[in-house]
Each structure stands twice: as structure tokens, then as C-alpha cells.
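Peer 1: Submitted below is the structure of interest, expressed as C-alpha cells.
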Number of protein chains: 4
Amino acid sequence: MSTVPAFKRLPRAVREQQMLDAAVKVFSRRGFHAASMDEIAEDAGISKPMVYAYLGTKEELFVACLHREGTRMMQAIAGAAAPDLPADERLWRGLRAFFGFVGAYRDGWAVLYRQARGEQPFAGELAAMRARLVEVVAGMLDHALRAEGREITAVDLEVVAYALVGATESLADWLADHPDADPEKTATRMMNVAWLGAAQLLHGATWRPPVD
Amino acid sequence: MSTVPAFKRLPRAVREQQMLDAAVKVFSRRGFHAASMDEIAEDAGISKPMVYAYLGTKEELFVACLHREGTRMMQAIAGAAAPDLPADERLWRGLRAFFGFVGAYRDGWAVLYRQARGEQPFAGELAAMRARLVEVVAGMLDHALRAEGREITAVDLEVVAYALVGATESLADWLADHPDADPEKTATRMMNVAWLGAAQLLHGATWRPPVD
Amino acid sequence: MSTVPAFKRLPRAVREQQMLDAAVKVFSRRGFHAASMDEIAEDAGISKPMVYAYLGTKEELFVACLHREGTRMMQAIAGAAAPDLPADERLWRGLRAFFGFVGAYRDGWAVLYRQARGEQPFAGELAAMRARLVEVVAGMLDHALRAEGREITAVDLEVVAYALVGATESLADWLADHPDADPEKTATRMMNVAWLGAAQLLHGATWRPPVD
Amino acid sequence: MSTVPAFKRLPRAVREQQMLDAAVKVFSRRGFHAASMDEIAEDAGISKPMVYAYLGTKEELFVACLHREGTRMMQAIAGAAAPDLPADERLWRGLRAFFGFVGAYRDGWAVLYRQARGEQPFAGELAAMRARLVEVVAGMLDHALRAEGREITAVDLEVVAYALVGATESLADWLADHPDADPEKTATRMMNVAWLGAAQLLHGATWRPPVD
DNA sequence: CATGAATGAGGTTTCATTCAT
DNA sequence: TATGAATGAAACCTCATTCAT
């Protein structure tokens with residue numbers, strides 16, 4: 001009847017996914033430290049030693065979660081925002097895919113961003129992923145700027161990209177906290193904020209601090 | 001004889017500040033869970049029972065840190081962005097004050113945002129503070145919009161404000177991770193991103209998703 | 001076709017020897033408690049349930065090791081020191097065989113003496129084997145004494161034999177820790193110590209404590 | 001009434017000795033691995049965290065036992081065998097002190113020799129102590145030899161000393177296993193074995209292997 | 001006021017051992 | 001026969017928290 005044999009003695013690959021599902025859920029609810037391996041094992045419907053046998057230490061388990069969720073997210077975005085599209089089109093599709101991911105995997109998002117950021121051992125992992133995102137956004141901006149015959153310093157570029165990514169993450173948090181909100185609509189809103197600001201930038205408008 | 005009683009038996013208020021200083025430092029370095037009351041007490045140069053006597057439980061201690069740092073930040077911002085100034089001036093002064101605070105109290109910032117966000121018991125505290133910020137920003141935007149004779153829905157307003165706050169926090173993180181960066185310059189950059197986007201909004205420009 | 005069935009499905013006896021080899025190696029390296037059945041099974045190139053099916057519990061496995069190595073040692077000694085030889089000849093041949101065994105099976109020696117001695121459940125097994133050795137040595141001494149027309153108490157005999165066995169074991173440890181040392185030469189040295197002392201004893205020389 | 005305050009809240013130094021007493025006892029009965037910190041704590045009449053607070057890790061605790069017992073033993077021997085006495089007198093007094101120590105602290109002896117030898121992490125500690133003993137004995141022999149105008153190679157000297165120490169340890173084990181035996185008498189027996197053999201050595205007697 | 005002494009509770013990790021295929 | 005999957009039990013260690021001085 002079912003594709004999965006039946007009840008117990010599942011093959012390793014299946015059990016690993018079950019464990020990761022449970023781990024993502026528990027880490028997301030409780031945070032890394034407060035989560036207990038007991039609860040994760042129980043939630044996965046399996047005994048603790050299996051978790052250690054398959055996924056290793058608590059830290060390694062968390063990293064495995066990070067990787068799975070991070071990869072999912074990155075693939076969702078990369079699959080949507082083909083590099084040969086015009087910049088606004090790429091941005092829009094990327095944002096739509098991103099918010100779609102967050103809407104679909106709220107727990108995963110929470111693990112990735114809310115938990116990993118606070119815990120020192122994983123800050124590096126996260127920073128790397130975030131850096132890839134920032135780089136992609138910065139690349140898009142740079143591409144569009146050059147098309148307009150304009151240019152800004154590398155640091156300025158990075159900072160603007162950082163701000164856009166931060167704004168996006170912030171809306172993702174908002175989305176994760178509003179289960180009824182529509183991911184697509186949230187993407188549209190972010191696109192408004194981002195593109196309008198970026199478009200100004202493209203046309204060379206700048207703001208300067210007043211002289212006190 | 002002297003105004004500060006030299007050695008021990010400090011007045012309660014002073015002791016409490018010493019403890020909070022130590023707590024903020026340790027929480028910021030280690031995170032809430034990984035921080036130990038032992039280390040905090042030792043760092044404060046005081047015995048553990050004193051910490052309990054003065055500031056209570058570990059959770060209560062963390063909340064006290066949150067309050068002190070949050071209040072400092074809010075006061076810095078509120079003191080700078082007087083409500084009777086024009087919107088752009090308020091925004092600029094607020095941002096400058098904010099990044100100034102982050103630059104000056106990196107540990108405090110880390111406690112407030114990087115640690116508190118991940119730990120369930122404090123998410124509420126933090127959300128409340130953040131909500132006040134969002135509200136202030138939304139108020140500024142609304143004020144400016146009405147001055148232009150325009151209006152947008154409350155949710156839209158909230159979301160845009162959320163995005164701006166998120167972008168700002170993101171740059172604050174960036175600033176906290178780049179000890180040599182200049183807070184004032186970072187504020188200018190954020191102002192560029194924010195104001196240019198907002199100005200578009202004010203003038204009625206909008207982006208609409210393409211019809212697939 | 002071939003005498004050794006090439007690959008798997010080895011006859012039980014062969015498998016058991018493989019397992020014992022692996023077990024002796026791992027017990028000797030790690031000690032009884034620190035050794036894990038996992039490592040032993042892996043080292044034997046076989047799955048854990050097989051080990052249990054063939055050799056039983058971890059304790060039983062250790063006892064099996066003890067027996068194999070102990071028997072090997074005893075046979076080496078007994079085979080060399082034929083009971084019809086004169087005492088000094090028997091002693092010399094026994095020592096030579098003993099140190100030869102230790103030199104050839106350092107792991108086995110380590111299991112037998114260094115590990116088994118410390119672990120309560122096996123102290124008995126070991127004591128029994130040692131008792132047999134002591135008995136043999138005591139027998140030799142007694143025989144020689146009677147040939148000289150002399151006699152000492154049973155306890156004195158046991159204690160002297162104990163001392164000789166202890167000295168021998170000590171040199172065995174020394175040999176096990178000096179892989180380049182020559183077993184034969186070590187045997188000669190021990191023979192010097194033992195025989196010279198024993199010869200004195202045979203001739204009735206004794207030392208008495210001074211009166212304080 | 002009593003010098004120890006009363007019941008609980010003992011000063012650190014006292015509690016540490018209680019813990020070491022318990023640890024020596026339990027380690028000696030069960031062996032390092034089989035001993036549990038729970039049992040040690042319970043036997044010391046205290047909770048586990050105190051043990052960790054005062055003496056550290058299980059390994060560190062064992063090392064502390066090793067040190068205390070080793071120091072006691074060495075001091076007993078050194079205090080008895082003054083270096084300015086004649087060799088036979090020194091040997092006799094050293095042996096008497098040694099067997100006295102073993103008789104008085106059977107548990108300590110078991111920890112020092114029976115347990116430590118088998119456990120890799122402590123083999124070094126033990127080897128060092130034993131090396132000091134061997135060195136002392138070798139020094140005594142060398143001194144006596146030179147007084148007789150004779151000399152042997154350094155390796156031979158070491159090996160003979162090793163054998164004597166081994167024989168002594170073996171009798172110590174025997175003593176530890178025979179609670180009713182008299183330490184002084186055991187020392188006399190060992191002195192007989194040792195001194196008679198050594199005396200032969202001093203006078204130049206040697207045994208040579210027969211040519212097969 | 002101030003602290004050294006003390007602990008209950010709980011977490012991670014490992015291991016010998018056994019099913020079910 | 002042979003093994004991957006699975007677990008109960010227990011060990012070490014740490015920490016927030018509180019007495020008793």
C-alpha cells in the first residue's frame with residue numbers, strides 16, 4: 001500500500017529526514033540551548049542513541065539542520081532568479097521565492113535566522129550564507145548601475161545590499177509571526193520598498209547630511 | 001570622607017550597576033544560556049548570593065539588562081528626534097543617535113538584539129520595544145504622507161516601517177561587526193537608502209508585480 | 001576449491017580466532033572498560049551480532065582472550081621445562097620460553113597482566129594462573145632444597161616463589177616496553193638474579209633483621 | 001568537644017581529605033572505569049557537585065589520589081632509608097617502611113599499582129614514580145658494588161634493580177591479599193631474597209647460559 | 001551585609017546488547 | 001548465516017539556586 005515499508009526498522013535515509021524534521025521543529029521552538037536531545041528524539045519517534053548514531057553531536061545536528069534549510073532556501077531563490085533576466089525581474093522573482101520559502105518553512109526560517117544568529121558556534125555558518133545573499137544582491141545592483149553608466153564604491157554597494165537584505169529578513173520575521181499573511185503580497189511590498197529606493201540610487205539621487 | 005566609600009559596602013545602586021555591566025558583558029559574549037551566573041558574579045567582583053539578592057533570578061537579571069540597554073537606546077533616540085522637527089530631520093537625527101548608541105555600546109546592542117531575539121522568554125520584551133520603534137517610524141511616514149495629501153493602508157504603513165527598521169538593524173549588526181567603521185557615516189548611508197525610498201513613496205510611485 | 005574458502009562464510013573456528021585476535025589487540029590497547037565491542041567487531045571485519053553469537057558477552061569475550069593467551073603461555077613454558085631435568089636447567093629453559101612468549105605476543109601479555117590485574121571480575125582467573133606458576137617454581141625450589149637435605153616452611157617457600165615470579169613479571173613488563181630488547185638476554189639476566197639468590201638459599205644462608 | 005565543628009559545612013581542606021579517602025577506597029575496589037563518581041560522592045557523604053568543585057574531573061581526581069598515596073609512600077621510604085647508612089641497612093629499612101606502608105594503606109597501594117598500571121592515561125604518572133624507586137635501588141647497588149671494587153653496565157644495573165622492585169611489588173600484592181600477614185615478616189623475607197642475591201652479585205658470581 | 005559550602009535536577013553522550021530482516 | 005536498526009541504562013559533568021555562618 002504505502003511506499004514506506006510499514007512501521008519500524010526504516011531505512012537510514014528516511015529516519016535521518018524524520019530526525020531533521022523533528023530537530024528543526026524543536027530548535028525553532030526552544031532555541032539551541034534550551035532544546036533537549038530527549039525532546040528531539042521523542043518528537044522524531046525514536047530513541048536518543050539513534051540520533052547520535054546518525055547525525056552526531058547536538059552541535060553537528062544543528063549544523064545539519066542549518067545546512068538542509070539553508071540549501072533549500074538558496075535553491076528556491078537561485079532556481080527562481082535566473083541570472084540572464086533583467087535586474088528588476090530577478091529581484092522580484094528572488095523575493096517571491098524567498099518569501100514563499102519562509103511562508104512554507106517557518107520553522108526552518110526560525111532555526112536559520114533567529115537561533116543561529118545568537119549562538120556563537122554557528123554565527124560563522126550563518127554569516128557565510130548571508131554573505132552569499134548580500135553578494136548576489138550587490139551584484140544585481142552593480143549590474144544595473146553600470147547599465148546606467150554609474151558607479152559607487154564597493155563599501156557603499158555592500159552597505160546598501162546589506163540594508164536591503166536586512167529589510168527583507170525583517171519582513172520575513174514579520175511574515176513568520178503573522179501566519180495568515182500572504183507571502184506573495186509581502187514580496188510585493190518588499191519589492192516596492194527595495195526597487196523604489198534602488199531606482200533612485202540608479203538615477204544618481206543622493207541624500208547628504210545637513211551641516212550642523 | 002570621600003564621596004565614593006573607597007572600597008566595599010558600596011551603596012546599592014552602584015553595586016547594581018556594576019552587576020549589570022558584568023551581566024551585559026557576559027551575556028553578550030556567551031549568549032543567555034551559555035552565560036553562567038558564576039562568571040557574571042566573578043566578573044562583577046562579587047559573590048553569587050549578592051547577585052541573587054540584588055537582581056534576582058537569571059531570567060530577571062537578563063530582563064534587567066534588557067531594560068537598561070533598551071531604555072538607554074530609546075532615550076538616545078527620543079532625545080535626538082524631537083517630534084516638532086520636519087520628518088526628514090527627525091529621521092536623520094534619530095538614525096544618527098541610534099548608530100551612535102550602537103557604536104558606543106556594542107555589548108548592549110548584542111544583548112538586546114542578537115541574544116534576546118533567539119530566546120523565547122524574552123522575545124516578547126524585545127518585540128514590544130521593536131514595536132515602539134516601528135510605531136515611531138510609521139508615525140513619521142504617516143505624517144509626511146498626509147502632508148503630501150496621500151494615504152496608504154495601515155498594514156502597508158506598518159510593513160514599510162518594519163522594512164526600514166529591519167534595514168537599520170541590519171546595518172547596526174554590520175557596524176557591530178566592523179569596529180573601525182564610523183557610526184555617523186553608517187547613519188548617512190542608511191539615510192540614503194531610507195529616505196530615497198520613502199521619498200518615492202511619498203510622491204506616489206509604486207511598483208506592481210508583472211502579470212505572469 | 002581452495003583450502004581456505006576465499007571470502008566469507010569462513011568456518012566457525014577461523015572466525016573465532018579472527019575475533020580473538022582483534023579482541024586481544026583492542027583490549028591490550030585500550031583496556032577492558034575503554035575497549036568497545038564496536039571497535040572489536042570492526043577490527044575483526046565482522047558485525048557485532050556475530051561477535052555475540054560466537055563468543056558471547058564482553059566479559060566472556062575477555063575471559064576467552066585470557067584463556068587463549070594464558071594457555072599459550074603455559075604451554076610454551078611447560079613444553080620447555082621438562083620435569084625430569086635438573087632444577088637449574090628447568091628454570092633456565094622455563095625463563096627462556098617465558099620471555100620468548102612475552103617478546104612474541106606483547107599484546108597478549110598486556111591483556112593478561114596489565115589489564116586483567118586491575119579488573120575485579122578477572123582477578124580470580126589471573127590469580128589462578130599465577131598460582132600455577134608460583135606452584136611450579138615452588139616445586140622446583142623444594143625439589144632442589146630436599147636434594148640438599150634442607151627444608152623450609154611452606155609459607156617461606158611460597159613467598160620466595162612469589163618474589164621470583166614477581167621479579168620475572170617485572171622484567172616482562174620491562175621487555176614489553178622496550179621493543180628492541182632481546183628476550184633471550186633478558187632471560188639470562190633474570191636467571192642471574194634468580195639463581196644466585198636461590199643458590200644461597202639452597203646452601204642455607206639467611207639474613208636476619210638487626211635488633212633495634 | 002570535638003575539634004571538627006560538628007556536622008556539616010566543613011572547611012574545604014577537611015572535605016577534600018574525606019573525598020580523597022572515599023575515592024581511594026572506591027577506585028581500589030572497582031577500578032578506575034568501573035568506579036562511579038556517584039559512589040565516590042556517596043561514600044564521602046557529600047553530593048557529586050562538591051567533588052567536581054574541589055577535585056575536578058574524574059581523571060583529575062584519580063591523579064590526586066595517585067599523588068597523595070604516592071607521596072605518602074615515598075615519604076615513608078625516604079624517611080626510613082637515610083642515605084648515609086650502609087647499603088644493607090638502607091635496603092632493610094626501606095623495605096620495612098615500604099611493607100609497613102602497604103600494610104597500613106592497602107587501598108592506597110591497590111590504587112597506586114593495580115589500577116594505575118592498567119589505565120593508559122596514568123601509566124606515565126606511575127612509571128615515573130616507579131622509575132624513582134628503581135633509581136634509588138640501582139643507586140644502592142651501584143654504591144655497594146663500587147665499594148667492592150666491582151662494576152657492571154648501566155643496563156644490567158637497571159635490570160637487576162627492576163627485578164628487585166618487581167619482586168618487592170609482588171610481595172606487596174601478596175601482602176595486600178593476605179590481611180593477616182605481618183608486614184615486618186614479609187619485609188624480612190624480601191630482604192632475604194634480595195640481599196642474598198645481591199650479595200652474590202657483589203662478589204662477582206655470575207650465571208651463564210649453557211651452550212645448546 | 002557578604003560569602004563559602006552545598007545540592008537537586010537535568011543535559012549530553014556512550015555502550016553493551018538485542019530484534020527483525 | 002549475517003547485519004543494519006534500535007534501545008535501556010547509566011556515566012560524567014554543569015548550573016541555577018540556597019543555606020548557614
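So you can find residues: chains in the C-alpha cells are A, B, ... in the order shown, residues in each start at 1, and ligands are numbered from 1 in order.
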As a ChimeraX atom specification, please: the residues near Leu126 of chain C (cut-off 9 Å, only C-alpha atoms (C1' of nucleotides), same-chain neighbours under 6 positions excluded).
Peer 2: /C:66,70,112-113,116-117
Peer 1: So that I have them on file, write out the residues from the current selection with N, CA and C atoms, as an mmCIF file, in the first residue's frame.
Peer 2:
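Written file, out_30.cif:
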```cif
data_model
loop_
_atom_site.group_PDB
_atom_site.id
_atom_site.type_symbol
_atom_site.label_atom_id
_atom_site.label_comp_id
_atom_site.auth_asym_id
_atom_site.auth_seq_id
_atom_site.Cartn_x
_atom_site.Cartn_y
_atom_site.Cartn_z
ATOM 1 N N LEU C 66 41.765 -14.246 27.728
ATOM 2 C CA LEU C 66 42.630 -14.633 28.828
ATOM 3 C C LEU C 66 43.015 -16.099 28.694
ATOM 4 N N GLY C 70 46.673 -17.227 28.031
ATOM 5 C CA GLY C 70 47.222 -17.938 29.183
ATOM 6 C C GLY C 70 47.660 -19.343 28.820
ATOM 7 N N LEU C 112 46.908 -10.079 29.469
ATOM 8 C CA LEU C 112 46.963 -10.987 30.599
ATOM 9 C C LEU C 112 47.306 -10.269 31.890
ATOM 10 N N TYR C 113 48.328 -9.467 31.831
ATOM 11 C CA TYR C 113 48.803 -8.951 33.105
ATOM 12 C C TYR C 113 48.405 -7.523 33.395
ATOM 13 N N ALA C 116 44.131 -7.447 33.078
ATOM 14 C CA ALA C 116 43.354 -8.345 33.929
ATOM 15 C C ALA C 116 43.568 -8.055 35.406
ATOM 16 N N ARG C 117 44.759 -7.650 35.762
ATOM 17 C CA ARG C 117 45.043 -7.450 37.175
ATOM 18 C C ARG C 117 44.133 -6.397 37.783
#
```
Peer 1: Could you give the RMSD, in Å, left over when chain C is least-squares superposed onto chain A across all Cα atoms paired sequentially?
Peer 2: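 Across the paired C-alpha atoms, the RMSD reaches 0.8 Å.
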Peer 1: What is the atom CA of Phe27 of chain B to atom CA of Ile46 of chain B distance in Å?
Peer 2: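 Here the two named atoms are 16.9 Å from each other.
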Peer 1: Counting only C-alpha atoms (C1' of nucleotides), which residues from chain F have an atom at most 10 Å from any atom of chain B, and could you show them as a ChimeraX atom specification?
Peer 2: /F:14-18
Peer 1: Counting only C-alpha atoms (C1' of nucleotides), what is within 7 Å of segment 2-13 of chain E, bar same-chain residues fewer than 2 positions away, as a ChimeraX atom specification?
Peer 2: /B:47 /D:9,47
Peer 1: Only C-alpha atoms, please: the residues just picked out, written as a tab-separated table (two decimals), in the first residue's frame.
Peer 2:
```tsv
chain	number	residue	atom	x	y	z
B	47	SER	CA	29.80	36.74	45.29
D	9	ARG	CA	29.66	22.84	56.34
D	47	SER	CA	26.97	15.43	46.80
```
Peer 1: List the spatial neighbours of Ala127 of chain D as a list in words - criterion: any atom at most 12 Å away, only C-alpha atoms (C1' of nucleotides), same-chain residues fewer than 4 positions off excluded.
Peer 2: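 What passes the distance filter is Asp173, Trp174 and Asp177 of chain C; Leu66, Gly70, Leu112, Tyr113, Ala116, Arg117, Gly118, Glu119, Gln120, Pro121, Phe122, Ala123, Ala131, Arg132, Leu133, Val134, Glu135 and Tyr162 of chain D.
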Peer 1: Taking only C-alpha atoms into account, report as a PyMOL selection string which residues of chain B lie within 6 Å of chain A.
Peer 2: chain B and resi 114-115+118+163+166-167+170+192+196-197+207
Peer 1: Can I get the selection written as a PDB file, in the first residue's frame, with N, CA, C and O atoms?
Peer 2:
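Wrote again-v9.pdb, looks like this:
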```pdb
ATOM      1  N   ARG B 114      20.895  40.413  19.351  1.00  0.00           N
ATOM      2  CA  ARG B 114      21.346  39.088  18.917  1.00  0.00           C
ATOM      3  C   ARG B 114      20.947  38.004  19.910  1.00  0.00           C
ATOM      4  O   ARG B 114      20.600  36.897  19.519  1.00  0.00           O
ATOM      5  N   GLN B 115      20.984  38.306  21.181  1.00  0.00           N
ATOM      6  CA  GLN B 115      20.642  37.266  22.147  1.00  0.00           C
ATOM      7  C   GLN B 115      19.140  37.177  22.389  1.00  0.00           C
ATOM      8  O   GLN B 115      18.559  36.100  22.345  1.00  0.00           O
ATOM      9  N   GLY B 118      16.625  35.298  19.998  1.00  0.00           N
ATOM     10  CA  GLY B 118      16.556  33.840  19.923  1.00  0.00           C
ATOM     11  C   GLY B 118      15.895  33.171  21.109  1.00  0.00           C
ATOM     12  O   GLY B 118      15.420  32.042  20.997  1.00  0.00           O
ATOM     13  N   ALA B 163      10.225  47.287   7.390  1.00  0.00           N
ATOM     14  CA  ALA B 163      11.361  47.111   6.483  1.00  0.00           C
ATOM     15  C   ALA B 163      12.459  48.105   6.813  1.00  0.00           C
ATOM     16  O   ALA B 163      13.654  47.755   6.862  1.00  0.00           O
ATOM     17  N   GLY B 166      14.112  47.086   9.956  1.00  0.00           N
ATOM     18  CA  GLY B 166      14.939  45.914   9.703  1.00  0.00           C
ATOM     19  C   GLY B 166      16.234  46.276   8.997  1.00  0.00           C
ATOM     20  O   GLY B 166      17.317  45.793   9.358  1.00  0.00           O
ATOM     21  N   ALA B 167      16.143  47.152   8.007  1.00  0.00           N
ATOM     22  CA  ALA B 167      17.360  47.572   7.307  1.00  0.00           C
ATOM     23  C   ALA B 167      18.303  48.250   8.290  1.00  0.00           C
ATOM     24  O   ALA B 167      19.521  48.014   8.288  1.00  0.00           O
ATOM     25  N   SER B 170      19.943  45.790  10.514  1.00  0.00           N
ATOM     26  CA  SER B 170      20.942  45.032   9.767  1.00  0.00           C
ATOM     27  C   SER B 170      22.246  45.819   9.678  1.00  0.00           C
ATOM     28  O   SER B 170      23.337  45.277   9.875  1.00  0.00           O
ATOM     29  N   ASN B 192      20.366  57.505   3.262  1.00  0.00           N
ATOM     30  CA  ASN B 192      20.228  57.458   1.810  1.00  0.00           C
ATOM     31  C   ASN B 192      19.237  56.400   1.382  1.00  0.00           C
ATOM     32  O   ASN B 192      18.293  56.672   0.637  1.00  0.00           O
ATOM     33  N   LEU B 196      15.517  57.970   0.275  1.00  0.00           N
ATOM     34  CA  LEU B 196      15.246  57.943  -1.158  1.00  0.00           C
ATOM     35  C   LEU B 196      14.048  57.052  -1.437  1.00  0.00           C
ATOM     36  O   LEU B 196      13.172  57.412  -2.229  1.00  0.00           O
ATOM     37  N   GLY B 197      14.010  55.878  -0.780  1.00  0.00           N
ATOM     38  CA  GLY B 197      12.861  55.013  -0.980  1.00  0.00           C
ATOM     39  C   GLY B 197      11.587  55.664  -0.480  1.00  0.00           C
ATOM     40  O   GLY B 197      10.562  55.702  -1.173  1.00  0.00           O
ATOM     41  N   TRP B 207       5.399  50.152  -7.304  1.00  0.00           N
ATOM     42  CA  TRP B 207       5.797  49.064  -8.221  1.00  0.00           C
ATOM     43  C   TRP B 207       4.735  47.991  -8.149  1.00  0.00           C
ATOM     44  O   TRP B 207       4.219  47.688  -7.078  1.00  0.00           O
TER      45      TRP B 207
END
```
Peer 1: Residues at most 9 Å from Glu39 of chain B, counting only C-alpha atoms (C1' of nucleotides), excluding those fewer than 3 positions away in the same chain, as a count of residues only?
Peer 2: 8
Peer 1: Would you mind telling me which residue in C:Val136, C:Met73, C:Ile152, C:Ala53 lies nearest to chain E when using only C-alpha atoms (C1' of nucleotides)?
Peer 2: C:Ala53
Peer 1: Within 10 Å of chain C, which residues of chain E show up when using only C-alpha atoms (C1' of nucleotides), listed as a list in words?
Peer 2: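 Residues of chain E within 10 Å of chain C, counting only C-alpha atoms (C1' of nucleotides): DT14, DC15, DA16, DT17 and DT18 of chain E.
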Peer 1: What does the distance between atom CA of Asp180 of chain D and atom CA of Gly100 of chain D come to in Å, to one decimal place?
Peer 2: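 Between atom CA of Asp180 of chain D and atom CA of Gly100 of chain D the gap is 13.2 Å.
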Peer 1: Provide the atom CA of Arg90 of chain C to atom CA of Asp142 of chain C distance in Å, to one decimal place.
Peer 2: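 Atom-to-atom, atom CA of Arg90 of chain C and atom CA of Asp142 of chain C are spaced 13.3 Å apart.
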Peer 1: Extract the full set of alpha helix (DSSP H) residues from chain B according to DSSP on the backbone, and format it as number ranges by chain.
Peer 2: B: 12-30, 37-44, 48-55, 58-80, 87-104, 106-109, 116-118, 120-147, 154-177, 183-202
Peer 1: Find the spatial neighbours of Phe99 of chain D, counting only C-alpha atoms (C1' of nucleotides), within a cut-off of 7 Å - ignore same-chain residues fewer than 2 positions away - and output them as a ChimeraX atom specification.
Peer 2: /D:95-97,101-103,172,183-184,187
